[in-house]
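Data first, discussion second: the structure below is written as structure tokens.
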Amino acid sequence: MSDAVLSIERLQVALPPGADRALAVDGVSLSIAPGRTMCVVGESGSGKSVMSTTVMALLPRELRVAGGGIALKGEALLQASPARLRELRGQAMGMVFQEPMTALNPVMTCGDQVDELLRTHTDWPAAKRRQAVLDMFARVKLPDPERMARSYPHQLSGGQRQRIVIAMAVILKPALLICDEPTTALDVTTQREILALIKQVQQEQGSAVLFITHDMGVVADIADEVLVMHQGRAVEQGSRDDVLLRPQAEYTRMLLAAVPSITPPAPRPEPVGAPLLRGEAVGKTYSAHDWMGRTRKIRALEAATVGVRAGETVGIVGESGSGKSTLARCLMRLIEPTEGKMFWGDAEVARLKENRLRPLRNRVQVVFQDPNRSLNPRMRVGEALIEGALNFGTPRAEAEALAARLMDQVRLPREGLQRYPSQFSGGQRQRLAIARALACKPKVLVADEAVSALDVSVQAQIMALLRDIQAELGLGLLFITHDLRVAAQLCDRVIVMHQGRIVEEGRTAELYANPQQDYTRRLFEAAPGHDFAAPITPPGDTL
């Protein structure tokens, strides 16, 4: 297209020798006009992010462009000098990364980081730059822009940090905005706000948007065109309605089939028996101290009561900061509750000293969101799996036999016991984290956002795996998530939390069909997308 902001022609990016395939991006072409949004979807390893970092000339050193061309408003980027590329970044093209904490400098204030961009690309005086930063912070709907400018990234919420990154990306009104999974780790209401903000900025500036995501609900909400990638190749490309409602490629149909429905399935029979994990009126209060030594009490959790029975999955949903993880960590005694009672089976554990608690810890095990933080990168998988069992007195030979059975259980090859975590994909590492938790033979498994960062096909596999393991072992499962679709399909009961309190709970099908609280209704309204058998609303109308 002659008026295209971004044109990519038969791009090829080579992987280093020894990789499982020769090309990370293999002959991909696309074109985005001003004011249009193209969503790029596909599983992890499909080449989505490699393509976007190639456009920005930010490829890792081990990758290289092997062919093709990239043009930004007609200017060939692959032939541009490093100095010219530095001029274009920020001025003509901006990028919003997935994880703002890695995109922001932790030792610079947020205002200084945006000001650094202005100092680099403009000759504005300091007063004009400062006013531009404050105006942009107000435009991206950050509260108290003066305070935001003085704050460091760790002092802000995840949604606020993402807004800072967006402000940096758009303050010089670039013609091209690249968004690489910018909403993956955000709750549904914050995600909705960020998507609306990107759409607003796009409309005001006429920018073209290249939006990389694995969330088909987001695609349904914001896309004009969709590109589906698999193993570096474009397997399907077209208008949003054509790709989502009339997919031609088998791979696209598989991705859409893996998207969990927002409609819960028929309920399972209610479990019987006493809870395996129970908390009664659990509360947590933190003390914060300012530079003058004054103490301020922060109420993070208030009077929360929850129980999980054998074979039951209880979901906890809510926005970031609602108290979901605080409640789970109190129930696991990973942080100390301020008040309330907690039971692991028949053992009351809220006030137990650690030396008396340690022998009971195998009863409740946890699977965290990021398996990279759960698995020691310098420890072979086999040793990682048996570590917990050995700590609880299992003989080594028995623990090693258990590890082999667990690899079967999580559907990974036994020879993987001799490999390191880095030699597995993200979904496989999450399976290993589940196996590691199961090695302690728990009664209850706590999954804290265990599938939120996974693409839809791997997410579906992990959900099926959790169901199968629960059915086989009779585990209780406490599932913390911000994804209402996942909760709908996996959970028997759902607890809704807001500002540290449980505001509503009930059987999943009943709660989804008839939420009683305004906050719960707002959560459901903010959930992106739809069930793909239904017509799709035009882009932007849902935001």
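Residues are named by chain letter and number: chains run A, B, ... in the order of the structure tokens, numbers start at 1 in each chain, and ligands are numbered from 1 in the order shown.
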
**OP:** For range 395-406 of chain A, list every protein, DNA or RNA residue within 10 Å, evaluated using only C-alpha atoms, and leave out those in the same chain fewer than 4 positions away; present the list as a list in words.
**Re:** Val381, Gly382, Glu383, Ala384, Leu385, Ile386, Glu387, Gly388, Ala389, Leu390, Asn391, Val410, Arg411, Leu412, Pro413, Arg414, Glu415, Gly416, Leu417, Arg431, Leu432, Ile434, Ala435, Arg436, Leu438, Ala439 and Cys440 of chain A

**OP:** Using backbone DSSP assignments, extract all strand (DSSP E) residues from range 125-271 of chain A; output them as a count of residues only.
**Re:** 23

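Ranking A:Gly68, A:Gly111, A:Pro17, A:Gly35 by their shortest atom-to-atom distance to Gln203 in chain A, with only C-alpha atoms included, puts A:Gly35 first.
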
**OP:** Could you tell me which of A:Gly90, A:Gly27, A:Gly321, A:Gly273 comes closest to Gly476 in chain A if we count only C-alpha atoms?
**Re:** A:Gly273

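With distances restricted to only C-alpha atoms, A:Val201 is the closest residue to Lys141 in chain A from A:Met379, A:Leu77, A:Leu210, A:Val201.
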
Subject >> Gap from CA of Gly340 in chain A to CA of Leu473 in chain A - Å, one decimal >> reply: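 About the pair CA of Gly340 in chain A and CA of Leu473 in chain A: they are 29.4 Å apart.
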
Contacts between range 502-521 of chain A and range 179-265 of chain A, please, where a residue of range 179-265 of chain A counts if it comes within 10 Å (with only C-alpha atoms); show its shortest atom pair and distance in Å to one decimal, rows by chain and ascending number, as CSV.
```
residue,atom,partner,partner_atom,distance
A:Ile262,CA,A:Tyr512,CA,8.5
A:Thr263,CA,A:Tyr512,CA,7.6
A:Pro264,CA,A:Ala509,CA,5.4
A:Pro265,CA,A:Ala509,CA,7.3
```

Those residues with N, CA, C and O atoms, as a short mmCIF file (atom, residue, chain, number, x, y, z; two decimals), in the first residue's frame please?
```cif
data_model
loop_
_atom_site.label_atom_id
_atom_site.label_comp_id
_atom_site.auth_asym_id
_atom_site.auth_seq_id
_atom_site.Cartn_x
_atom_site.Cartn_y
_atom_site.Cartn_z
N ILE A 262 -16.52 -17.96 28.14
CA ILE A 262 -16.93 -17.22 29.34
C ILE A 262 -18.15 -17.87 29.98
O ILE A 262 -18.52 -17.55 31.11
N THR A 263 -18.78 -18.82 29.28
CA THR A 263 -19.95 -19.52 29.82
C THR A 263 -19.51 -20.78 30.55
O THR A 263 -18.90 -21.67 29.94
N PRO A 264 -19.76 -20.89 31.84
CA PRO A 264 -19.31 -22.08 32.58
C PRO A 264 -20.02 -23.33 32.09
O PRO A 264 -21.16 -23.29 31.63
N PRO A 265 -19.34 -24.49 32.18
CA PRO A 265 -19.99 -25.75 31.84
C PRO A 265 -20.98 -26.17 32.92
O PRO A 265 -21.12 -25.51 33.95
#
```

Original post:
From the set A:Glu348, A:Glu43, A:Glu75, A:Glu354, which residue has the shortest atom-to-atom contact distance to Val228 in chain A, counting only C-alpha atoms?
Top reply: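 Closest residue, counting only C-alpha atoms: A:Glu43.
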
Give me the residues near Val219 in chain A as a PDB file with N, CA and C atoms, in the first residue's frame, where near means some atom within 9 Å (using only C-alpha atoms) and where sequence neighbours in that chain fewer than 4 positions away do not count.
```pdb
ATOM      1  N   MET A  38      -3.262  -3.727  13.395  1.00  0.00           N
ATOM      2  CA  MET A  38      -3.066  -5.116  13.000  1.00  0.00           C
ATOM      3  C   MET A  38      -2.619  -5.905  14.221  1.00  0.00           C
ATOM      4  N   CYS A  39      -3.372  -6.947  14.555  1.00  0.00           N
ATOM      5  CA  CYS A  39      -3.002  -7.841  15.650  1.00  0.00           C
ATOM      6  C   CYS A  39      -2.262  -9.042  15.076  1.00  0.00           C
ATOM      7  N   VAL A  40      -1.148  -9.392  15.717  1.00  0.00           N
ATOM      8  CA  VAL A  40      -0.366 -10.560  15.339  1.00  0.00           C
ATOM      9  C   VAL A  40      -0.511 -11.586  16.453  1.00  0.00           C
ATOM     10  N   VAL A  41      -1.009 -12.771  16.103  1.00  0.00           N
ATOM     11  CA  VAL A  41      -1.273 -13.805  17.095  1.00  0.00           C
ATOM     12  C   VAL A  41      -0.517 -15.076  16.728  1.00  0.00           C
ATOM     13  N   PHE A 211      -0.017  -4.739  17.052  1.00  0.00           N
ATOM     14  CA  PHE A 211      -0.351  -5.215  18.394  1.00  0.00           C
ATOM     15  C   PHE A 211      -0.127  -6.721  18.466  1.00  0.00           C
ATOM     16  N   THR A 213      -0.233 -10.187  20.537  1.00  0.00           N
ATOM     17  CA  THR A 213      -0.958 -10.741  21.679  1.00  0.00           C
ATOM     18  C   THR A 213      -1.253 -12.214  21.450  1.00  0.00           C
ATOM     19  N   HIS A 214      -1.508 -12.926  22.562  1.00  0.00           N
ATOM     20  CA  HIS A 214      -2.033 -14.285  22.429  1.00  0.00           C
ATOM     21  C   HIS A 214      -3.478 -14.346  22.937  1.00  0.00           C
ATOM     22  N   ASP A 215      -4.045 -13.182  23.276  1.00  0.00           N
ATOM     23  CA  ASP A 215      -5.394 -13.118  23.835  1.00  0.00           C
ATOM     24  C   ASP A 215      -6.390 -12.841  22.707  1.00  0.00           C
ATOM     25  N   ALA A 223      -8.855  -5.271  16.873  1.00  0.00           N
ATOM     26  CA  ALA A 223      -8.184  -5.468  15.584  1.00  0.00           C
ATOM     27  C   ALA A 223      -8.993  -4.946  14.405  1.00  0.00           C
ATOM     28  N   ASP A 224      -8.291  -4.413  13.414  1.00  0.00           N
ATOM     29  CA  ASP A 224      -8.849  -4.201  12.082  1.00  0.00           C
ATOM     30  C   ASP A 224      -8.449  -5.363  11.176  1.00  0.00           C
ATOM     31  N   VAL A 226      -5.835  -9.071  11.086  1.00  0.00           N
ATOM     32  CA  VAL A 226      -5.189 -10.078  11.933  1.00  0.00           C
ATOM     33  C   VAL A 226      -4.189 -10.863  11.091  1.00  0.00           C
ATOM     34  N   ARG A 240     -10.365  -8.806  10.560  1.00  0.00           N
ATOM     35  CA  ARG A 240     -10.651  -9.446  11.841  1.00  0.00           C
ATOM     36  C   ARG A 240     -11.807 -10.433  11.744  1.00  0.00           C
ATOM     37  N   LEU A 244     -11.347 -14.436  12.472  1.00  0.00           N
ATOM     38  CA  LEU A 244     -11.930 -14.965  13.707  1.00  0.00           C
ATOM     39  C   LEU A 244     -13.217 -15.755  13.472  1.00  0.00           C
ATOM     40  N   PRO A 528     -12.532  -8.986  27.992  1.00  0.00           N
ATOM     41  CA  PRO A 528     -12.453  -8.740  26.551  1.00  0.00           C
ATOM     42  C   PRO A 528     -13.057  -9.866  25.742  1.00  0.00           C
ATOM     43  N   GLY A 529     -13.525  -9.513  24.531  1.00  0.00           N
ATOM     44  CA  GLY A 529     -13.921 -10.530  23.562  1.00  0.00           C
ATOM     45  C   GLY A 529     -15.279 -11.122  23.841  1.00  0.00           C
TER      46      GLY A 529
END
```

Subject >> DSSP-assigned alpha helix (DSSP H) members of range 241-284 of chain A, reported as a list in words >> reply: Asp241, Asp242, Val243, Leu244, Leu245, Glu250, Tyr251, Thr252, Arg253, Met254, Leu255, Leu256, Ala257 and Ala258 of chain A

Restrict the selected residues to N, CA and C atoms and save them as a compact mmCIF listing (two decimals), in the first residue's frame.
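Output below, filename part21.txt:
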```txt
# COMPACT_ATOMS: atom_id res chain seq x y z
N ASP A 241 -12.91 -10.03 11.12
CA ASP A 241 -14.06 -10.90 11.04
C ASP A 241 -13.77 -12.16 10.22
N ASP A 242 -13.02 -11.99 9.14
CA ASP A 242 -12.69 -13.16 8.31
C ASP A 242 -11.85 -14.16 9.08
N VAL A 243 -10.84 -13.68 9.79
CA VAL A 243 -9.93 -14.59 10.48
C VAL A 243 -10.60 -15.23 11.70
N LEU A 244 -11.35 -14.44 12.47
CA LEU A 244 -11.93 -14.97 13.71
C LEU A 244 -13.22 -15.75 13.47
N LEU A 245 -14.01 -15.35 12.48
CA LEU A 245 -15.29 -16.01 12.27
C LEU A 245 -15.27 -17.00 11.11
N GLU A 250 -6.07 -24.52 9.41
CA GLU A 250 -6.32 -25.45 10.52
C GLU A 250 -5.70 -24.93 11.81
N TYR A 251 -4.52 -24.32 11.71
CA TYR A 251 -3.85 -23.80 12.90
C TYR A 251 -4.68 -22.68 13.55
N THR A 252 -5.25 -21.81 12.74
CA THR A 252 -6.10 -20.75 13.28
C THR A 252 -7.31 -21.34 13.98
N ARG A 253 -7.91 -22.35 13.37
CA ARG A 253 -9.07 -23.00 14.00
C ARG A 253 -8.69 -23.64 15.33
N MET A 254 -7.48 -24.20 15.40
CA MET A 254 -7.01 -24.79 16.66
C MET A 254 -6.86 -23.72 17.74
N LEU A 255 -6.27 -22.57 17.38
CA LEU A 255 -6.11 -21.49 18.36
C LEU A 255 -7.46 -21.02 18.88
N LEU A 256 -8.42 -20.83 17.99
CA LEU A 256 -9.74 -20.34 18.40
C LEU A 256 -10.47 -21.37 19.26
N ALA A 257 -10.28 -22.65 18.93
CA ALA A 257 -10.93 -23.70 19.71
C ALA A 257 -10.37 -23.77 21.13
N ALA A 258 -9.11 -23.32 21.30
CA ALA A 258 -8.47 -23.38 22.62
C ALA A 258 -8.89 -22.23 23.52
```

Subject >> Residue contacts of range 420-423 of chain A (8 Å, only C-alpha atoms) excluding same-chain residues fewer than 6 positions away, as a ChimeraX atom specification >> reply: /A:372,375-381,429

Go ahead and save the residues from that selection, with N, CA, C and O atoms, as a PDB file, in the first residue's frame.
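Contents of selection_1.pdb, freshly written:
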```pdb
ATOM      1  N   ASN A 372      10.005 -19.891  35.817  1.00  0.00           N
ATOM      2  CA  ASN A 372      11.435 -19.603  35.845  1.00  0.00           C
ATOM      3  C   ASN A 372      11.901 -19.249  37.248  1.00  0.00           C
ATOM      4  O   ASN A 372      13.070 -19.455  37.589  1.00  0.00           O
ATOM      5  N   LEU A 375      11.977 -22.796  39.438  1.00  0.00           N
ATOM      6  CA  LEU A 375      12.947 -23.838  39.099  1.00  0.00           C
ATOM      7  C   LEU A 375      14.350 -23.255  39.098  1.00  0.00           C
ATOM      8  O   LEU A 375      14.594 -22.204  38.488  1.00  0.00           O
ATOM      9  N   ASN A 376      15.263 -23.917  39.783  1.00  0.00           N
ATOM     10  CA  ASN A 376      16.658 -23.473  39.827  1.00  0.00           C
ATOM     11  C   ASN A 376      17.299 -23.710  38.462  1.00  0.00           C
ATOM     12  O   ASN A 376      17.381 -24.854  38.005  1.00  0.00           O
ATOM     13  N   PRO A 377      17.757 -22.655  37.789  1.00  0.00           N
ATOM     14  CA  PRO A 377      18.301 -22.843  36.433  1.00  0.00           C
ATOM     15  C   PRO A 377      19.567 -23.674  36.394  1.00  0.00           C
ATOM     16  O   PRO A 377      19.936 -24.183  35.343  1.00  0.00           O
ATOM     17  N   ARG A 378      20.234 -23.832  37.533  1.00  0.00           N
ATOM     18  CA  ARG A 378      21.482 -24.600  37.575  1.00  0.00           C
ATOM     19  C   ARG A 378      21.277 -26.015  38.116  1.00  0.00           C
ATOM     20  O   ARG A 378      22.244 -26.730  38.354  1.00  0.00           O
ATOM     21  N   MET A 379      20.029 -26.390  38.314  1.00  0.00           N
ATOM     22  CA  MET A 379      19.717 -27.720  38.839  1.00  0.00           C
ATOM     23  C   MET A 379      18.970 -28.518  37.775  1.00  0.00           C
ATOM     24  O   MET A 379      18.021 -28.032  37.176  1.00  0.00           O
ATOM     25  N   ARG A 380      19.428 -29.738  37.515  1.00  0.00           N
ATOM     26  CA  ARG A 380      18.721 -30.587  36.559  1.00  0.00           C
ATOM     27  C   ARG A 380      17.295 -30.831  37.051  1.00  0.00           C
ATOM     28  O   ARG A 380      17.015 -30.838  38.253  1.00  0.00           O
ATOM     29  N   VAL A 381      16.412 -31.072  36.098  1.00  0.00           N
ATOM     30  CA  VAL A 381      14.992 -31.222  36.419  1.00  0.00           C
ATOM     31  C   VAL A 381      14.776 -32.351  37.423  1.00  0.00           C
ATOM     32  O   VAL A 381      13.997 -32.221  38.370  1.00  0.00           O
ATOM     33  N   ARG A 429       7.861 -25.851  31.166  1.00  0.00           N
ATOM     34  CA  ARG A 429       8.381 -25.473  32.487  1.00  0.00           C
ATOM     35  C   ARG A 429       7.251 -25.353  33.500  1.00  0.00           C
ATOM     36  O   ARG A 429       7.427 -25.699  34.676  1.00  0.00           O
TER      37      ARG A 429
END
```

Original post:
Restricting the calculation to only C-alpha atoms, which member of A:Ser457, A:Thr481, A:Ser207, A:Ser49 is positioned closest to Lys73 in chain A?
Top reply: A:Ser207

With a distance cut-off of 12 Å and only C-alpha atoms, select the neighbouring residues of range 113-124 of chain A, excluding the residue or stretch itself and same-chain residues fewer than 6 positions from it, and output the selection as an mmCIF file with N, CA, C and O atoms, in the first residue's frame.
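Output file part-v1.cif follows:
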```cif
data_model
loop_
_atom_site.group_PDB
_atom_site.id
_atom_site.type_symbol
_atom_site.label_atom_id
_atom_site.label_comp_id
_atom_site.auth_asym_id
_atom_site.auth_seq_id
_atom_site.Cartn_x
_atom_site.Cartn_y
_atom_site.Cartn_z
ATOM 1 N N ARG A 84 20.622 7.000 12.368
ATOM 2 C CA ARG A 84 19.291 7.286 11.843
ATOM 3 C C ARG A 84 18.237 6.474 12.592
ATOM 4 O O ARG A 84 17.143 6.989 12.884
ATOM 5 N N ARG A 86 18.341 5.535 15.691
ATOM 6 C CA ARG A 86 18.136 6.173 16.993
ATOM 7 C C ARG A 86 17.224 7.394 16.866
ATOM 8 O O ARG A 86 16.426 7.682 17.749
ATOM 9 N N GLU A 87 17.353 8.126 15.748
ATOM 10 C CA GLU A 87 16.458 9.258 15.522
ATOM 11 C C GLU A 87 15.010 8.811 15.349
ATOM 12 O O GLU A 87 14.075 9.461 15.835
ATOM 13 N N LEU A 88 14.827 7.698 14.651
ATOM 14 C CA LEU A 88 13.472 7.226 14.354
ATOM 15 C C LEU A 88 12.784 6.660 15.584
ATOM 16 O O LEU A 88 11.569 6.809 15.749
ATOM 17 N N ARG A 89 13.548 5.976 16.455
ATOM 18 C CA ARG A 89 12.943 5.416 17.666
ATOM 19 C C ARG A 89 12.476 6.557 18.565
ATOM 20 O O ARG A 89 13.246 7.427 18.944
ATOM 21 N N GLY A 90 11.251 6.513 18.930
ATOM 22 C CA GLY A 90 10.678 7.561 19.765
ATOM 23 C C GLY A 90 9.981 8.618 18.941
ATOM 24 O O GLY A 90 8.851 8.993 19.236
ATOM 25 N N GLN A 91 10.636 9.118 17.890
ATOM 26 C CA GLN A 91 10.028 10.154 17.055
ATOM 27 C C GLN A 91 9.044 9.588 16.044
ATOM 28 O O GLN A 91 7.935 10.070 15.897
ATOM 29 N N ALA A 92 9.474 8.547 15.320
ATOM 30 C CA ALA A 92 8.632 7.989 14.252
ATOM 31 C C ALA A 92 8.023 6.652 14.632
ATOM 32 O O ALA A 92 7.011 6.252 14.059
ATOM 33 N N GLY A 94 7.336 4.049 18.202
ATOM 34 C CA GLY A 94 7.447 3.807 19.637
ATOM 35 C C GLY A 94 7.015 2.393 19.954
ATOM 36 O O GLY A 94 6.268 1.771 19.188
ATOM 37 N N ALA A 103 11.206 -2.591 31.290
ATOM 38 C CA ALA A 103 11.339 -1.493 30.335
ATOM 39 C C ALA A 103 11.732 -0.186 31.015
ATOM 40 O O ALA A 103 12.263 0.715 30.366
ATOM 41 N N LEU A 104 11.477 -0.070 32.322
ATOM 42 C CA LEU A 104 11.765 1.154 33.061
ATOM 43 C C LEU A 104 13.020 0.992 33.900
ATOM 44 O O LEU A 104 13.310 -0.091 34.420
ATOM 45 N N ASN A 105 13.749 2.103 34.059
ATOM 46 C CA ASN A 105 14.961 2.111 34.880
ATOM 47 C C ASN A 105 14.563 2.241 36.345
ATOM 48 O O ASN A 105 13.933 3.236 36.730
ATOM 49 N N PRO A 106 14.921 1.266 37.195
ATOM 50 C CA PRO A 106 14.444 1.302 38.585
ATOM 51 C C PRO A 106 15.063 2.406 39.433
ATOM 52 O O PRO A 106 14.549 2.709 40.516
ATOM 53 N N VAL A 107 16.156 3.028 38.976
ATOM 54 C CA VAL A 107 16.823 4.040 39.793
ATOM 55 C C VAL A 107 16.588 5.458 39.260
ATOM 56 O O VAL A 107 17.219 6.399 39.709
ATOM 57 N N ARG A 130 9.186 19.626 30.962
ATOM 58 C CA ARG A 130 8.479 19.203 32.176
ATOM 59 C C ARG A 130 6.970 19.323 32.000
ATOM 60 O O ARG A 130 6.222 18.421 32.391
ATOM 61 N N GLN A 131 6.520 20.412 31.394
ATOM 62 C CA GLN A 131 5.089 20.571 31.189
ATOM 63 C C GLN A 131 4.560 19.516 30.229
ATOM 64 O O GLN A 131 3.442 18.991 30.417
ATOM 65 N N ALA A 132 5.366 19.170 29.206
ATOM 66 C CA ALA A 132 4.940 18.126 28.264
ATOM 67 C C ALA A 132 4.800 16.783 28.961
ATOM 68 O O ALA A 132 3.866 16.013 28.685
ATOM 69 N N VAL A 133 5.721 16.482 29.897
ATOM 70 C CA VAL A 133 5.645 15.226 30.645
ATOM 71 C C VAL A 133 4.388 15.204 31.503
ATOM 72 O O VAL A 133 3.634 14.212 31.512
ATOM 73 N N LEU A 134 4.115 16.291 32.221
ATOM 74 C CA LEU A 134 2.937 16.340 33.079
ATOM 75 C C LEU A 134 1.654 16.261 32.258
ATOM 76 O O LEU A 134 0.683 15.590 32.653
ATOM 77 N N ASP A 135 1.634 16.945 31.116
ATOM 78 C CA ASP A 135 0.451 16.887 30.252
ATOM 79 C C ASP A 135 0.217 15.464 29.740
ATOM 80 O O ASP A 135 -0.930 15.002 29.668
ATOM 81 N N MET A 136 1.307 14.773 29.382
ATOM 82 C CA MET A 136 1.168 13.402 28.884
ATOM 83 C C MET A 136 0.697 12.468 29.988
ATOM 84 O O MET A 136 -0.146 11.592 29.762
ATOM 85 N N PHE A 137 1.216 12.648 31.213
ATOM 86 C CA PHE A 137 0.767 11.815 32.328
ATOM 87 C C PHE A 137 -0.722 12.019 32.586
ATOM 88 O O PHE A 137 -1.449 11.062 32.891
ATOM 89 N N MET A 148 3.312 11.330 40.251
ATOM 90 C CA MET A 148 3.777 10.265 39.363
ATOM 91 C C MET A 148 5.175 10.584 38.816
ATOM 92 O O MET A 148 6.030 9.712 38.710
ATOM 93 N N ALA A 149 5.390 11.844 38.460
ATOM 94 C CA ALA A 149 6.684 12.238 37.901
ATOM 95 C C ALA A 149 7.795 12.085 38.933
ATOM 96 O O ALA A 149 8.948 11.778 38.587
ATOM 97 N N ARG A 150 7.474 12.288 40.214
ATOM 98 C CA ARG A 150 8.483 12.158 41.272
ATOM 99 C C ARG A 150 8.699 10.713 41.707
ATOM 100 O O ARG A 150 9.665 10.409 42.405
ATOM 101 N N SER A 151 7.793 9.822 41.313
ATOM 102 C CA SER A 151 7.815 8.440 41.819
ATOM 103 C C SER A 151 8.781 7.574 41.029
ATOM 104 O O SER A 151 9.044 7.808 39.844
ATOM 105 N N TYR A 152 9.280 6.536 41.701
ATOM 106 C CA TYR A 152 10.076 5.507 41.046
ATOM 107 C C TYR A 152 9.142 4.369 40.611
ATOM 108 O O TYR A 152 8.057 4.191 41.181
ATOM 109 N N PRO A 153 9.550 3.567 39.619
ATOM 110 C CA PRO A 153 8.636 2.525 39.110
ATOM 111 C C PRO A 153 8.089 1.596 40.186
ATOM 112 O O PRO A 153 6.911 1.224 40.140
ATOM 113 N N ARG A 161 2.442 1.629 35.934
ATOM 114 C CA ARG A 161 3.726 1.487 35.245
ATOM 115 C C ARG A 161 3.516 1.314 33.740
ATOM 116 O O ARG A 161 4.271 1.857 32.931
ATOM 117 N N ARG A 163 1.122 2.523 32.010
ATOM 118 C CA ARG A 163 0.748 3.832 31.484
ATOM 119 C C ARG A 163 1.987 4.722 31.288
ATOM 120 O O ARG A 163 2.055 5.506 30.340
ATOM 121 N N ILE A 164 2.951 4.601 32.190
ATOM 122 C CA ILE A 164 4.203 5.346 32.034
ATOM 123 C C ILE A 164 4.907 4.910 30.749
ATOM 124 O O ILE A 164 5.400 5.744 29.964
ATOM 125 N N VAL A 165 4.957 3.595 30.500
ATOM 126 C CA VAL A 165 5.602 3.083 29.284
ATOM 127 C C VAL A 165 4.868 3.579 28.043
ATOM 128 O O VAL A 165 5.496 3.951 27.039
ATOM 129 N N ILE A 166 3.537 3.603 28.100
ATOM 130 C CA ILE A 166 2.761 4.115 26.966
ATOM 131 C C ILE A 166 3.050 5.599 26.759
ATOM 132 O O ILE A 166 3.215 6.070 25.624
ATOM 133 N N ALA A 167 3.131 6.367 27.863
ATOM 134 C CA ALA A 167 3.446 7.787 27.751
ATOM 135 C C ALA A 167 4.789 7.995 27.058
ATOM 136 O O ALA A 167 4.934 8.875 26.190
ATOM 137 N N MET A 168 5.791 7.197 27.424
ATOM 138 C CA MET A 168 7.098 7.293 26.776
ATOM 139 C C MET A 168 6.999 6.969 25.289
ATOM 140 O O MET A 168 7.657 7.606 24.453
ATOM 141 N N ALA A 169 6.181 5.987 24.944
ATOM 142 C CA ALA A 169 6.095 5.540 23.558
ATOM 143 C C ALA A 169 5.385 6.545 22.654
ATOM 144 O O ALA A 169 5.688 6.625 21.465
ATOM 145 N N VAL A 170 4.456 7.350 23.219
ATOM 146 C CA VAL A 170 3.607 8.179 22.351
ATOM 147 C C VAL A 170 3.847 9.669 22.499
ATOM 148 O O VAL A 170 3.253 10.448 21.751
ATOM 149 N N ILE A 171 4.702 10.096 23.429
ATOM 150 C CA ILE A 171 4.808 11.526 23.722
ATOM 151 C C ILE A 171 5.285 12.331 22.518
ATOM 152 O O ILE A 171 4.927 13.499 22.354
ATOM 153 N N LEU A 172 6.060 11.730 21.617
ATOM 154 C CA LEU A 172 6.529 12.435 20.420
ATOM 155 C C LEU A 172 5.665 12.129 19.195
ATOM 156 O O LEU A 172 6.069 12.397 18.058
ATOM 157 N N LYS A 173 4.492 11.559 19.442
ATOM 158 C CA LYS A 173 3.492 11.299 18.394
ATOM 159 C C LYS A 173 4.068 10.484 17.235
ATOM 160 O O LYS A 173 4.058 10.925 16.071
#
```

Subject >> Close residues, Asp370 in chain A itself excluded, 12 Å, only C-alpha atoms, min 4 positions apart in chain, as a VMD selection string >> reply: chain A and resid 185 366 374 to 375 426 to 434 447 to 454

Original post:
Which residue gives the smallest distance to Leu30 in chain A among A:Pro145, A:Gly74, A:Gly159, A:Gly238, with only C-alpha atoms counted?
Top reply: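 Of all the options, A:Gly238 lies closest to Leu30 in chain A.
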
**OP:** For range 466-472 of chain A, work out the shell of residues within 8 Å, counting only C-alpha atoms and skipping chain neighbours fewer than 4 positions away, then give it as a list in words.
**Re:**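 Result of the neighbour search: Gly311, Gln409, Ile462, Gly476, Leu477 and Leu490 of chain A.
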
Write a file of the just-selected residues containing N, CA and C atoms, as a compact mmCIF listing (two decimals), in the first residue's frame.
```txt
# COMPACT_ATOMS: atom_id res chain seq x y z
N GLY A 311 -11.15 -32.67 45.79
CA GLY A 311 -11.74 -32.73 44.46
C GLY A 311 -12.42 -31.46 44.01
N GLN A 409 2.95 -38.23 34.47
CA GLN A 409 1.69 -37.61 34.87
C GLN A 409 1.49 -36.25 34.20
N ILE A 462 -2.56 -26.95 30.07
CA ILE A 462 -2.31 -26.91 31.52
C ILE A 462 -3.62 -27.06 32.29
N GLY A 476 -7.60 -30.89 46.39
CA GLY A 476 -8.29 -29.62 46.41
C GLY A 476 -7.44 -28.61 45.66
N LEU A 477 -8.06 -27.71 44.92
CA LEU A 477 -7.33 -26.74 44.11
C LEU A 477 -7.85 -25.34 44.40
N LEU A 490 -12.73 -23.75 34.79
CA LEU A 490 -11.97 -24.61 35.70
C LEU A 490 -12.57 -24.71 37.09
```

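We find CA of Gly307 in chain A and CA of Val282 in chain A to be spaced 11.7 Å apart.
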